[in-house]
Amino acid sequence: MTLMQEPSSSGRFGDFGGRYLPESLVPACAELESAFRAAWSDVAFHAEYESLLRDYGGRPTPVTECTNLSDRLGVRVLLKREDLTHTGSHKINNVVGQALLTRRMGKQRVIAETGAGQHGVATATAAALFGLECVVYMGEVDVERQELNVFRMRLLGSEVVPVASGSRTLKDAVNEALRDWVANVESTHYCLGSVMGPHPYPWMVREFQRIVGEEAREQCRLLLGGRDPDVVAACVGGGSNAAGTFCGFVDTDVRLVGVEAAGGAAIGHGIPGVVHGMKSFLMQDEHGQVSEAHSISAGLDYPGVGPEHAHLAAIGRAEYPSANDEEVLRAFELLARSEGIIPALESAHAIAWVVAAAERGELAPGATVLVPLPGRGDKDVQQGVDMTHLSQ
């Protein structure tokens with residue numbers, strides 16, 4: 001039996017998860033759970049899903065050996081290249097699955113939240129492909145720093161709604177998407193982008209992302225003569241990239257490391273609480289109010305984390321250190337200059353941890369580290385110009 005199995009009947013992973021929702025949304029989540037269970041056991045659904053990911057999404061993605069970076073760090077670094085999928089991130093894996101479910105449920109409209117814009121772009125892409133109306137909610141701060149992705153969403157025919165409330169980032173975009181869903185639940189499916197929110201989303205999204213870890217395990221064993229890597233290190237905001245990758249290795253002896261943003265380290269600095277329909281680790285003040293998160297990367301600018309990650313941390317199966325903005329910018333430039341690969345700033349958090357761990361001797365010389373690269377850095381180039389010396 002796998003450690004990352006189906007949650008309990010109440011949607012919990014240990015003490016975390018659940019379904020904390022207004023009454024008006026409980027039937028929608030129950031409908032979605034029923035539709036997903038039926039689809040996920042349907043051979044025809046799997047065949048269409050896998051065909052779309054192959055012929056439209058570009059799977060399987062390769063594992064790339066980083067020879068130059070490995071020589072520099074003294075450890076063997078492998079990248080699982082989700083940045084090479086259609087739309088440029090792992091988000092397409094989840095969105096294709098949810099678009100198929102939307103059609104299966106007979107709904108004509110999808111809504112989504114987005115921070116870095118990658119989930120918004122993927123949702124807008126699937127909506128164009130399937131002929132669905134699409135509205136994407138995005139915090140005003142993120143609209144400004146991810147201008148390129150905003151244009152892509154609009155080019156694809158979706159409406160982008162800037163959110164001016166609260167911190168004007170991902171948390172507030174989720175709030176607005178939930179309000180829309182309450183008002184339009186009969187015709188609308190909420191295409192949630194990560195392993196967070198009320199049941200069945202954390203489980204469903206993880207299952208749609210499981211393909212990343214399953215491919216990576218097989219590819220690593222071919223590359224490493226039947227062995228697994230010593231460490232898998234993945235960035236974590238909500239945590240779908242990490243959850244999907246961890247699925248492939250959780251039942252082995254591989255060390256699992258989820259790297260949070262230092263300013264949004266829900267597991268590192270948070271306490272259990274309820275947000276966006278789930279119980280998980282959450283950054284809160286002394287009055288129990290949600291604290292604002294900060295990260296240089298819009299996709300990790302979130303005060304909570306997916307409940308299955310909270311569970312993996314609680315039982316000690318995975319560890320969740322953090323990387324700060326300075327370390328991330330250094331890793332962003334280092335990977336670009338050593339391997340000719342510009343990572344998304346989200347992805348650079350995992351690279352930053354590998355660099356720091358190698359430099360302080362935490363990784364044994366010659367150890368093999370697999371890093372999923374969930375997005376490419378095109379979207380962050382202007383931000384890089386503004387924040388690094390390279391603009392001089």
# chains A, B, ... in the order shown; residues from 1 in each chain; ligands from 1

call {"tool": "residues_around", "arguments": {"residues": "segment 300-302 of chain A", "least_positions_apart": "6", "cutoff": "8 Å", "atoms": "only C-alpha atoms", "output": "PyMOL selection string"}}
result
chain A and resi 115+169-171+236-238+260-261+263-264+292-294+346

call {"tool": "residues_around", "arguments": {"residues": "Leu224 of chain A", "least_positions_apart": "2", "cutoff": "12 Å", "atoms": "only C-alpha atoms", "output": "mmCIF file with all heavy atoms, in the first residue's frame"}}
result
data_model
loop_
_atom_site.group_PDB
_atom_site.id
_atom_site.type_symbol
_atom_site.label_atom_id
_atom_site.label_comp_id
_atom_site.auth_asym_id
_atom_site.auth_seq_id
_atom_site.Cartn_x
_atom_site.Cartn_y
_atom_site.Cartn_z
ATOM 1 N N VAL A 63 14.272 13.819 -18.456
ATOM 2 C CA VAL A 63 15.150 14.136 -17.324
ATOM 3 C C VAL A 63 16.486 14.585 -17.904
ATOM 4 O O VAL A 63 17.080 13.876 -18.725
ATOM 5 C CB VAL A 63 15.335 12.932 -16.385
ATOM 6 C CG1 VAL A 63 16.492 13.165 -15.418
ATOM 7 C CG2 VAL A 63 14.055 12.665 -15.594
ATOM 8 N N GLU A 65 20.404 15.795 -17.408
ATOM 9 C CA GLU A 65 21.564 15.769 -16.506
ATOM 10 C C GLU A 65 22.292 17.107 -16.579
ATOM 11 O O GLU A 65 22.655 17.576 -17.660
ATOM 12 C CB GLU A 65 22.514 14.640 -16.893
ATOM 13 C CG GLU A 65 23.759 14.575 -16.033
ATOM 14 C CD GLU A 65 24.025 13.184 -15.497
ATOM 15 O OE1 GLU A 65 23.581 12.206 -16.120
ATOM 16 O OE2 GLU A 65 24.677 13.084 -14.451
ATOM 17 N N ARG A 76 25.415 15.152 -8.069
ATOM 18 C CA ARG A 76 24.851 14.919 -9.399
ATOM 19 C C ARG A 76 23.423 15.473 -9.443
ATOM 20 O O ARG A 76 22.541 14.982 -8.726
ATOM 21 C CB ARG A 76 24.854 13.418 -9.706
ATOM 22 C CG ARG A 76 24.495 13.076 -11.141
ATOM 23 C CD ARG A 76 24.654 11.569 -11.362
ATOM 24 N NE ARG A 76 24.383 11.209 -12.748
ATOM 25 C CZ ARG A 76 24.428 9.949 -13.223
ATOM 26 N NH1 ARG A 76 24.744 8.954 -12.394
ATOM 27 N NH2 ARG A 76 24.180 9.709 -14.493
ATOM 28 N N LEU A 78 19.941 16.234 -11.438
ATOM 29 C CA LEU A 78 19.069 15.873 -12.546
ATOM 30 C C LEU A 78 17.819 16.753 -12.483
ATOM 31 O O LEU A 78 17.290 17.009 -11.398
ATOM 32 C CB LEU A 78 18.646 14.403 -12.454
ATOM 33 C CG LEU A 78 19.756 13.359 -12.304
ATOM 34 C CD1 LEU A 78 19.136 11.972 -12.110
ATOM 35 C CD2 LEU A 78 20.678 13.367 -13.514
ATOM 36 N N ALA A 216 9.349 10.182 -13.802
ATOM 37 C CA ALA A 216 10.685 10.485 -13.271
ATOM 38 C C ALA A 216 11.339 9.258 -12.647
ATOM 39 O O ALA A 216 12.539 9.030 -12.815
ATOM 40 C CB ALA A 216 10.597 11.615 -12.253
ATOM 41 N N ARG A 217 10.553 8.464 -11.908
ATOM 42 C CA ARG A 217 11.127 7.262 -11.294
ATOM 43 C C ARG A 217 11.661 6.308 -12.356
ATOM 44 O O ARG A 217 12.787 5.794 -12.257
ATOM 45 C CB ARG A 217 10.073 6.562 -10.441
ATOM 46 C CG ARG A 217 10.619 5.314 -9.723
ATOM 47 C CD ARG A 217 9.502 4.564 -9.014
ATOM 48 N NE ARG A 217 8.519 4.085 -9.963
ATOM 49 C CZ ARG A 217 7.202 4.274 -9.866
ATOM 50 N NH1 ARG A 217 6.706 4.961 -8.854
ATOM 51 N NH2 ARG A 217 6.389 3.789 -10.780
ATOM 52 N N GLU A 218 10.863 6.061 -13.389
ATOM 53 C CA GLU A 218 11.290 5.157 -14.459
ATOM 54 C C GLU A 218 12.515 5.716 -15.191
ATOM 55 O O GLU A 218 13.473 4.983 -15.479
ATOM 56 C CB GLU A 218 10.137 4.960 -15.440
ATOM 57 C CG GLU A 218 10.444 4.001 -16.566
ATOM 58 C CD GLU A 218 9.260 3.787 -17.488
ATOM 59 O OE1 GLU A 218 8.122 4.111 -17.096
ATOM 60 O OE2 GLU A 218 9.473 3.301 -18.616
ATOM 61 N N GLN A 219 12.505 7.020 -15.468
ATOM 62 C CA GLN A 219 13.622 7.643 -16.189
ATOM 63 C C GLN A 219 14.892 7.620 -15.353
ATOM 64 O O GLN A 219 15.996 7.365 -15.872
ATOM 65 C CB GLN A 219 13.247 9.076 -16.568
ATOM 66 C CG GLN A 219 12.178 9.150 -17.652
ATOM 67 C CD GLN A 219 11.562 10.532 -17.769
ATOM 68 O OE1 GLN A 219 11.348 11.227 -16.768
ATOM 69 N NE2 GLN A 219 11.266 10.960 -18.988
ATOM 70 N N CYS A 220 14.766 7.886 -14.059
ATOM 71 C CA CYS A 220 15.952 7.869 -13.192
ATOM 72 C C CYS A 220 16.552 6.473 -13.094
ATOM 73 O O CYS A 220 17.776 6.311 -13.114
ATOM 74 C CB CYS A 220 15.587 8.390 -11.796
ATOM 75 S SG CYS A 220 15.384 10.181 -11.690
ATOM 76 N N ARG A 221 15.697 5.486 -13.005
ATOM 77 C CA ARG A 221 16.216 4.128 -12.890
ATOM 78 C C ARG A 221 16.935 3.693 -14.165
ATOM 79 O O ARG A 221 17.933 2.965 -14.093
ATOM 80 C CB ARG A 221 15.082 3.160 -12.529
ATOM 81 C CG ARG A 221 14.655 3.334 -11.069
ATOM 82 C CD ARG A 221 13.533 2.421 -10.647
ATOM 83 N NE ARG A 221 13.267 2.577 -9.214
ATOM 84 C CZ ARG A 221 12.287 1.983 -8.562
ATOM 85 N NH1 ARG A 221 11.462 1.164 -9.200
ATOM 86 N NH2 ARG A 221 12.113 2.184 -7.269
ATOM 87 N N LEU A 222 16.462 4.135 -15.311
ATOM 88 C CA LEU A 222 17.179 3.868 -16.560
ATOM 89 C C LEU A 222 18.527 4.580 -16.574
ATOM 90 O O LEU A 222 19.543 4.020 -16.996
ATOM 91 C CB LEU A 222 16.337 4.320 -17.753
ATOM 92 C CG LEU A 222 15.148 3.438 -18.125
ATOM 93 C CD1 LEU A 222 14.307 4.110 -19.207
ATOM 94 C CD2 LEU A 222 15.627 2.060 -18.606
ATOM 95 N N GLY A 226 19.185 1.317 -12.519
ATOM 96 C CA GLY A 226 18.228 0.646 -11.658
ATOM 97 C C GLY A 226 18.057 1.271 -10.295
ATOM 98 O O GLY A 226 17.197 0.844 -9.513
ATOM 99 N N ARG A 227 18.865 2.279 -9.983
ATOM 100 C CA ARG A 227 18.777 2.932 -8.667
ATOM 101 C C ARG A 227 17.847 4.139 -8.717
ATOM 102 O O ARG A 227 17.577 4.703 -9.773
ATOM 103 C CB ARG A 227 20.163 3.402 -8.204
ATOM 104 C CG ARG A 227 21.148 2.282 -7.917
ATOM 105 C CD ARG A 227 22.446 2.841 -7.373
ATOM 106 N NE ARG A 227 23.115 3.726 -8.338
ATOM 107 C CZ ARG A 227 23.166 5.054 -8.252
ATOM 108 N NH1 ARG A 227 22.576 5.681 -7.238
ATOM 109 N NH2 ARG A 227 23.809 5.759 -9.166
ATOM 110 N N ASP A 228 17.394 4.553 -7.544
ATOM 111 C CA ASP A 228 16.666 5.804 -7.389
ATOM 112 C C ASP A 228 17.646 6.906 -7.027
ATOM 113 O O ASP A 228 18.754 6.631 -6.525
ATOM 114 C CB ASP A 228 15.630 5.687 -6.261
ATOM 115 C CG ASP A 228 14.513 4.713 -6.594
ATOM 116 O OD1 ASP A 228 13.998 4.784 -7.722
ATOM 117 O OD2 ASP A 228 14.170 3.889 -5.718
ATOM 118 N N PRO A 229 17.287 8.167 -7.251
ATOM 119 C CA PRO A 229 18.136 9.254 -6.753
ATOM 120 C C PRO A 229 18.182 9.215 -5.228
ATOM 121 O O PRO A 229 17.327 8.598 -4.578
ATOM 122 C CB PRO A 229 17.426 10.520 -7.253
ATOM 123 C CG PRO A 229 16.018 10.098 -7.497
ATOM 124 C CD PRO A 229 16.074 8.660 -7.914
ATOM 125 N N ASP A 230 19.172 9.847 -4.653
ATOM 126 C CA ASP A 230 19.272 9.900 -3.193
ATOM 127 C C ASP A 230 18.281 10.892 -2.601
ATOM 128 O O ASP A 230 17.759 10.681 -1.503
ATOM 129 C CB ASP A 230 20.701 10.288 -2.780
ATOM 130 C CG ASP A 230 21.732 9.292 -3.266
ATOM 131 O OD1 ASP A 230 21.670 8.124 -2.831
ATOM 132 O OD2 ASP A 230 22.575 9.669 -4.102
ATOM 133 N N ALA A 367 26.334 12.500 -4.335
ATOM 134 C CA ALA A 367 24.925 12.146 -4.168
ATOM 135 C C ALA A 367 24.124 12.615 -5.383
ATOM 136 O O ALA A 367 24.459 13.621 -6.017
ATOM 137 C CB ALA A 367 24.365 12.788 -2.901
ATOM 138 N N THR A 368 23.071 11.896 -5.712
ATOM 139 C CA THR A 368 22.221 12.249 -6.846
ATOM 140 C C THR A 368 20.959 12.932 -6.347
ATOM 141 O O THR A 368 20.254 12.403 -5.492
ATOM 142 C CB THR A 368 21.841 10.998 -7.652
ATOM 143 O OG1 THR A 368 23.027 10.356 -8.125
ATOM 144 C CG2 THR A 368 20.970 11.365 -8.842
ATOM 145 N N VAL A 369 20.689 14.112 -6.902
ATOM 146 C CA VAL A 369 19.523 14.898 -6.508
ATOM 147 C C VAL A 369 18.658 15.142 -7.737
ATOM 148 O O VAL A 369 19.131 15.680 -8.741
ATOM 149 C CB VAL A 369 19.935 16.251 -5.894
ATOM 150 C CG1 VAL A 369 18.705 17.005 -5.404
ATOM 151 C CG2 VAL A 369 20.930 16.060 -4.761
ATOM 152 N N LEU A 370 17.407 14.735 -7.663
ATOM 153 C CA LEU A 370 16.441 15.027 -8.722
ATOM 154 C C LEU A 370 15.642 16.262 -8.338
ATOM 155 O O LEU A 370 15.067 16.323 -7.245
ATOM 156 C CB LEU A 370 15.487 13.850 -8.929
ATOM 157 C CG LEU A 370 14.342 14.112 -9.924
ATOM 158 C CD1 LEU A 370 14.877 14.196 -11.352
ATOM 159 C CD2 LEU A 370 13.258 13.041 -9.802
#

call {"tool": "select_by_dssp", "arguments": {"residues": "segment 138-372 of chain A", "states": "helix (DSSP H, G or I)", "output": "JSON, numbers by chain"}}
result
{"A": [140, 141, 142, 143, 144, 145, 147, 148, 149, 150, 151, 152, 153, 154, 155, 170, 171, 172, 173, 174, 175, 176, 177, 178, 179, 180, 181, 182, 183, 201, 202, 203, 204, 205, 206, 207, 208, 209, 210, 211, 212, 213, 214, 215, 216, 217, 218, 219, 220, 221, 222, 223, 240, 241, 242, 243, 244, 245, 246, 247, 262, 263, 264, 266, 267, 268, 269, 298, 299, 300, 307, 308, 309, 310, 311, 312, 313, 314, 325, 326, 327, 328, 329, 330, 331, 332, 333, 334, 335, 336, 337, 338, 339, 345, 346, 347, 348, 349, 350, 351, 352, 353, 354, 355, 356, 357, 358, 359]}

call {"tool": "atom_distance", "arguments": {"atom1": "atom CA of Ala323 of chain A", "atom2": "atom CA of Phe281 of chain A"}}
result
17.9 Å

call {"tool": "atom_distance", "arguments": {"atom1": "atom CA of Leu21 of chain A", "atom2": "atom CA of Ala310 of chain A"}}
result
19.7 Å

call {"tool": "residues_around", "arguments": {"residues": "segment 134-150 of chain A", "least_positions_apart": "5", "cutoff": "7 Å", "atoms": "only C-alpha atoms", "output": "short mmCIF file (atom, residue, chain, number, x, y, z; two decimals) with N, CA, C and O atoms, in the first residue's frame"}}
result
data_model
loop_
_atom_site.label_atom_id
_atom_site.label_comp_id
_atom_site.auth_asym_id
_atom_site.auth_seq_id
_atom_site.Cartn_x
_atom_site.Cartn_y
_atom_site.Cartn_z
N ARG A 109 -18.58 26.63 -18.23
CA ARG A 109 -17.75 27.75 -17.77
C ARG A 109 -16.77 27.25 -16.72
O ARG A 109 -17.13 26.45 -15.84
N VAL A 110 -15.54 27.72 -16.82
CA VAL A 110 -14.54 27.43 -15.80
C VAL A 110 -14.01 28.73 -15.22
O VAL A 110 -13.92 29.75 -15.92
N ILE A 111 -13.66 28.68 -13.94
CA ILE A 111 -12.97 29.79 -13.29
C ILE A 111 -11.71 29.24 -12.65
O ILE A 111 -11.60 28.04 -12.37
N ALA A 112 -10.74 30.11 -12.46
CA ALA A 112 -9.48 29.68 -11.88
C ALA A 112 -8.86 30.84 -11.11
O ALA A 112 -9.16 32.01 -11.37
N GLU A 113 -8.01 30.49 -10.16
CA GLU A 113 -7.14 31.46 -9.50
C GLU A 113 -5.74 31.29 -10.06
O GLU A 113 -5.40 30.20 -10.53
N THR A 114 -4.95 32.33 -10.02
CA THR A 114 -3.55 32.16 -10.43
C THR A 114 -2.68 33.17 -9.72
O THR A 114 -3.12 34.27 -9.39
N GLY A 115 -1.44 32.77 -9.45
CA GLY A 115 -0.46 33.66 -8.84
C GLY A 115 0.60 34.02 -9.87
O GLY A 115 0.65 35.14 -10.39
N ALA A 116 1.42 33.04 -10.20
CA ALA A 116 2.46 33.26 -11.20
C ALA A 116 1.88 33.37 -12.61
O ALA A 116 2.57 33.79 -13.54
N GLY A 117 0.64 32.99 -12.76
CA GLY A 117 0.00 33.06 -14.07
C GLY A 117 0.06 31.76 -14.84
O GLY A 117 -0.67 31.60 -15.83
N GLY A 120 -3.21 29.96 -14.67
CA GLY A 120 -4.17 30.73 -15.46
C GLY A 120 -3.98 30.51 -16.95
O GLY A 120 -4.95 30.34 -17.70
N VAL A 121 -2.74 30.50 -17.40
CA VAL A 121 -2.45 30.27 -18.81
C VAL A 121 -2.88 28.86 -19.22
O VAL A 121 -3.49 28.65 -20.28
N ALA A 124 -6.67 28.80 -19.38
CA ALA A 124 -7.13 29.52 -20.57
C ALA A 124 -6.87 28.69 -21.83
O ALA A 124 -7.68 28.69 -22.77
N ALA A 127 -9.43 25.89 -21.91
CA ALA A 127 -10.75 26.46 -22.22
C ALA A 127 -10.89 26.74 -23.71
O ALA A 127 -11.94 26.49 -24.31
N SER A 158 -9.57 34.37 -22.61
CA SER A 158 -10.09 34.36 -21.24
C SER A 158 -10.14 35.77 -20.67
O SER A 158 -9.35 36.64 -21.05
N GLU A 159 -11.05 35.96 -19.73
CA GLU A 159 -11.13 37.22 -18.98
C GLU A 159 -10.23 37.12 -17.76
O GLU A 159 -10.29 36.14 -17.01
N VAL A 160 -9.41 38.13 -17.54
CA VAL A 160 -8.55 38.19 -16.35
C VAL A 160 -9.10 39.28 -15.44
O VAL A 160 -9.22 40.44 -15.86
N VAL A 161 -9.45 38.91 -14.22
CA VAL A 161 -10.02 39.85 -13.26
C VAL A 161 -8.98 40.19 -12.19
O VAL A 161 -8.65 39.33 -11.37
N PRO A 162 -8.43 41.41 -12.17
CA PRO A 162 -7.49 41.80 -11.11
C PRO A 162 -8.22 41.91 -9.77
O PRO A 162 -9.33 42.44 -9.71
N VAL A 163 -7.59 41.40 -8.72
CA VAL A 163 -8.19 41.40 -7.38
C VAL A 163 -7.48 42.44 -6.53
O VAL A 163 -6.26 42.37 -6.33
N ALA A 164 -8.26 43.43 -6.02
CA ALA A 164 -7.67 44.56 -5.31
C ALA A 164 -7.75 44.41 -3.79
O ALA A 164 -7.25 45.27 -3.07
N ARG A 168 -3.60 41.44 -2.28
CA ARG A 168 -3.66 41.54 -3.74
C ARG A 168 -2.75 40.49 -4.41
O ARG A 168 -2.15 40.74 -5.44
N THR A 169 -2.69 39.30 -3.79
CA THR A 169 -1.87 38.20 -4.34
C THR A 169 -2.72 36.93 -4.40
O THR A 169 -3.95 37.00 -4.46
N LEU A 170 -2.07 35.77 -4.37
CA LEU A 170 -2.75 34.51 -4.65
C LEU A 170 -3.87 34.20 -3.67
O LEU A 170 -4.94 33.73 -4.06
N ASP A 172 -5.87 36.12 -2.12
CA ASP A 172 -7.04 36.93 -2.43
C ASP A 172 -7.70 36.52 -3.75
O ASP A 172 -8.91 36.61 -3.90
N ALA A 173 -6.88 36.04 -4.69
CA ALA A 173 -7.43 35.51 -5.93
C ALA A 173 -8.27 34.27 -5.66
O ALA A 173 -9.34 34.08 -6.26
N GLU A 176 -11.69 35.34 -4.26
CA GLU A 176 -12.61 35.84 -5.29
C GLU A 176 -13.14 34.71 -6.16
O GLU A 176 -14.31 34.71 -6.56
N ALA A 177 -12.30 33.73 -6.46
CA ALA A 177 -12.77 32.58 -7.25
C ALA A 177 -13.84 31.81 -6.49
O ALA A 177 -14.84 31.37 -7.07
N ALA A 298 5.61 34.75 -7.57
CA ALA A 298 4.17 34.89 -7.36
C ALA A 298 3.50 33.56 -7.05
O ALA A 298 2.52 33.50 -6.30
N LYS A 379 8.49 34.01 -18.04
CA LYS A 379 7.57 34.91 -17.35
C LYS A 379 8.26 35.81 -16.33
O LYS A 379 7.72 36.85 -15.95
N GLN A 383 11.13 40.65 -14.30
CA GLN A 383 11.36 40.76 -12.86
C GLN A 383 12.84 40.57 -12.54
O GLN A 383 13.41 41.25 -11.70
#

call {"tool": "residues_around", "arguments": {"residues": "segment 47-61 of chain A", "least_positions_apart": "4", "cutoff": "9 Å", "atoms": "only C-alpha atoms", "output": "JSON, numbers by chain"}}
result
{"A": [42, 43, 80, 81, 82, 83, 84, 85, 86, 87, 92, 93, 96, 97, 100, 211, 212, 215, 216]}

call {"tool": "write_last_selection", "arguments": {"atoms": "all heavy atoms", "output": "short mmCIF file (atom, residue, chain, number, x, y, z; two decimals), in the first residue's frame"}}
result
data_model
loop_
_atom_site.label_atom_id
_atom_site.label_comp_id
_atom_site.auth_asym_id
_atom_site.auth_seq_id
_atom_site.Cartn_x
_atom_site.Cartn_y
_atom_site.Cartn_z
N ASP A 42 -12.45 4.96 -15.29
CA ASP A 42 -12.95 4.75 -16.65
C ASP A 42 -11.78 4.66 -17.62
O ASP A 42 -11.01 5.62 -17.78
CB ASP A 42 -13.86 5.93 -17.02
CG ASP A 42 -14.51 5.79 -18.39
OD1 ASP A 42 -14.06 4.93 -19.18
OD2 ASP A 42 -15.45 6.55 -18.67
N VAL A 43 -11.64 3.52 -18.25
CA VAL A 43 -10.52 3.30 -19.19
C VAL A 43 -10.55 4.32 -20.32
O VAL A 43 -9.50 4.83 -20.74
CB VAL A 43 -10.59 1.86 -19.74
CG1 VAL A 43 -9.55 1.67 -20.84
CG2 VAL A 43 -10.37 0.85 -18.63
N LYS A 80 13.83 17.17 -13.81
CA LYS A 80 12.64 16.66 -14.50
C LYS A 80 11.98 17.86 -15.17
O LYS A 80 11.47 18.76 -14.51
CB LYS A 80 11.69 16.00 -13.50
CG LYS A 80 10.38 15.50 -14.10
CD LYS A 80 10.57 14.51 -15.25
CE LYS A 80 9.21 13.94 -15.68
NZ LYS A 80 9.29 13.23 -16.97
N ARG A 81 11.97 17.87 -16.51
CA ARG A 81 11.75 19.08 -17.29
C ARG A 81 10.28 19.38 -17.60
O ARG A 81 9.85 19.41 -18.74
CB ARG A 81 12.56 18.99 -18.58
CG ARG A 81 14.08 18.85 -18.35
CD ARG A 81 14.69 20.10 -17.75
NE ARG A 81 14.41 21.28 -18.55
CZ ARG A 81 15.06 21.60 -19.68
NH1 ARG A 81 16.04 20.82 -20.11
NH2 ARG A 81 14.75 22.69 -20.35
N GLU A 82 9.51 19.71 -16.58
CA GLU A 82 8.12 20.11 -16.80
C GLU A 82 8.02 21.46 -17.51
O GLU A 82 6.96 21.82 -18.04
CB GLU A 82 7.36 20.15 -15.48
CG GLU A 82 7.18 18.80 -14.83
CD GLU A 82 6.46 17.81 -15.75
OE1 GLU A 82 5.25 17.99 -15.99
OE2 GLU A 82 7.10 16.86 -16.24
N ASP A 83 9.13 22.20 -17.54
CA ASP A 83 9.15 23.47 -18.28
C ASP A 83 9.02 23.26 -19.78
O ASP A 83 8.75 24.21 -20.53
CB ASP A 83 10.43 24.25 -17.97
CG ASP A 83 11.69 23.47 -18.33
OD1 ASP A 83 11.78 22.27 -18.00
OD2 ASP A 83 12.61 24.07 -18.93
N LEU A 84 9.19 22.03 -20.25
CA LEU A 84 9.12 21.75 -21.68
C LEU A 84 7.73 21.32 -22.15
O LEU A 84 7.55 21.04 -23.33
CB LEU A 84 10.15 20.66 -22.05
CG LEU A 84 11.61 21.06 -21.83
CD1 LEU A 84 12.54 19.93 -22.23
CD2 LEU A 84 11.95 22.32 -22.61
N THR A 85 6.76 21.29 -21.25
CA THR A 85 5.40 20.97 -21.67
C THR A 85 4.77 22.15 -22.41
O THR A 85 5.23 23.29 -22.31
CB THR A 85 4.50 20.66 -20.46
OG1 THR A 85 4.47 21.80 -19.61
CG2 THR A 85 5.00 19.46 -19.70
N HIS A 86 3.67 21.88 -23.12
CA HIS A 86 2.88 22.96 -23.71
C HIS A 86 2.39 23.87 -22.60
O HIS A 86 1.90 23.40 -21.57
CB HIS A 86 1.71 22.36 -24.48
CG HIS A 86 0.84 23.38 -25.14
ND1 HIS A 86 1.36 24.43 -25.86
CD2 HIS A 86 -0.51 23.52 -25.17
CE1 HIS A 86 0.36 25.17 -26.33
NE2 HIS A 86 -0.78 24.65 -25.92
N THR A 87 2.50 25.15 -22.78
CA THR A 87 2.23 26.26 -21.84
C THR A 87 3.39 26.50 -20.89
O THR A 87 3.38 27.48 -20.17
CB THR A 87 0.91 26.11 -21.04
OG1 THR A 87 1.04 25.12 -20.02
CG2 THR A 87 -0.27 25.80 -21.95
N ILE A 92 -0.42 22.10 -16.92
CA ILE A 92 -1.23 21.53 -17.99
C ILE A 92 -1.72 20.13 -17.63
O ILE A 92 -2.81 19.71 -18.06
CB ILE A 92 -0.44 21.52 -19.33
CG1 ILE A 92 -1.37 21.29 -20.53
CG2 ILE A 92 0.70 20.51 -19.30
CD1 ILE A 92 -2.27 22.45 -20.86
N ASN A 93 -0.95 19.37 -16.84
CA ASN A 93 -1.35 18.01 -16.47
C ASN A 93 -2.68 18.02 -15.71
O ASN A 93 -3.56 17.20 -15.97
CB ASN A 93 -0.28 17.36 -15.58
CG ASN A 93 1.09 17.38 -16.20
OD1 ASN A 93 1.24 17.24 -17.40
ND2 ASN A 93 2.12 17.57 -15.37
N VAL A 96 -5.83 19.79 -18.00
CA VAL A 96 -6.43 18.91 -19.00
C VAL A 96 -7.40 17.94 -18.33
O VAL A 96 -8.52 17.72 -18.82
CB VAL A 96 -5.33 18.15 -19.77
CG1 VAL A 96 -5.91 16.95 -20.52
CG2 VAL A 96 -4.65 19.08 -20.76
N GLY A 97 -7.00 17.38 -17.21
CA GLY A 97 -7.89 16.48 -16.49
C GLY A 97 -9.16 17.16 -16.03
O GLY A 97 -10.27 16.63 -16.19
N LEU A 100 -11.57 17.96 -18.93
CA LEU A 100 -12.33 16.77 -19.32
C LEU A 100 -13.47 16.51 -18.34
O LEU A 100 -14.58 16.12 -18.74
CB LEU A 100 -11.40 15.55 -19.39
CG LEU A 100 -10.43 15.51 -20.57
CD1 LEU A 100 -9.42 14.38 -20.38
CD2 LEU A 100 -11.18 15.33 -21.88
N ILE A 211 1.66 11.70 -12.74
CA ILE A 211 2.40 11.30 -13.93
C ILE A 211 3.83 11.82 -13.91
O ILE A 211 4.75 11.19 -14.44
CB ILE A 211 1.66 11.77 -15.20
CG1 ILE A 211 2.24 11.10 -16.44
CG2 ILE A 211 1.66 13.30 -15.33
CD1 ILE A 211 1.37 11.30 -17.68
N VAL A 212 4.05 12.96 -13.25
CA VAL A 212 5.41 13.53 -13.17
C VAL A 212 6.33 12.59 -12.40
O VAL A 212 7.43 12.24 -12.86
CB VAL A 212 5.39 14.92 -12.50
CG1 VAL A 212 6.80 15.48 -12.39
CG2 VAL A 212 4.49 15.88 -13.26
N GLU A 215 6.80 9.05 -14.25
CA GLU A 215 7.78 9.16 -15.34
C GLU A 215 9.19 9.30 -14.78
O GLU A 215 10.13 8.64 -15.25
CB GLU A 215 7.47 10.37 -16.21
CG GLU A 215 6.34 10.20 -17.18
CD GLU A 215 6.12 11.44 -18.04
OE1 GLU A 215 6.94 12.39 -17.95
OE2 GLU A 215 5.15 11.47 -18.79
N ALA A 216 9.35 10.18 -13.80
CA ALA A 216 10.69 10.49 -13.27
C ALA A 216 11.34 9.26 -12.65
O ALA A 216 12.54 9.03 -12.81
CB ALA A 216 10.60 11.62 -12.25
#

call {"tool": "select_by_dssp", "arguments": {"residues": "segment 91-231 of chain A", "states": "strand (DSSP E or B)", "output": "list in words"}}
result
Arg109, Val110, Ile111, Ala112, Glu113, Thr114, Glu133, Cys134, Val135, Val136, Tyr137, Met138, Gly139, Glu159, Val160, Val161, Pro162, Val163, Thr188, His189, Tyr190 and Val231 of chain A

call {"tool": "residues_around", "arguments": {"residues": "Gly340 of chain A", "least_positions_apart": "5", "cutoff": "12 Å", "atoms": "only C-alpha atoms", "output": "list in words"}}
result
Thr64, Cys66, Thr67, Asn68, Leu69, Phe332, Glu333, Leu334, Leu335, Arg376 and Gly377 of chain A

call {"tool": "residues_around", "arguments": {"residues": "Gly306 of chain A", "least_positions_apart": "6", "cutoff": "7 Å", "atoms": "only C-alpha atoms", "output": "list in words"}}
result
Val195, Met196, Pro202, Gly238, Gly239 and Ser280 of chain A

call {"tool": "atom_distance", "arguments": {"atom1": "atom CA of Gln284 of chain A", "atom2": "atom CA of Ala265 of chain A"}}
result
11.2 Å
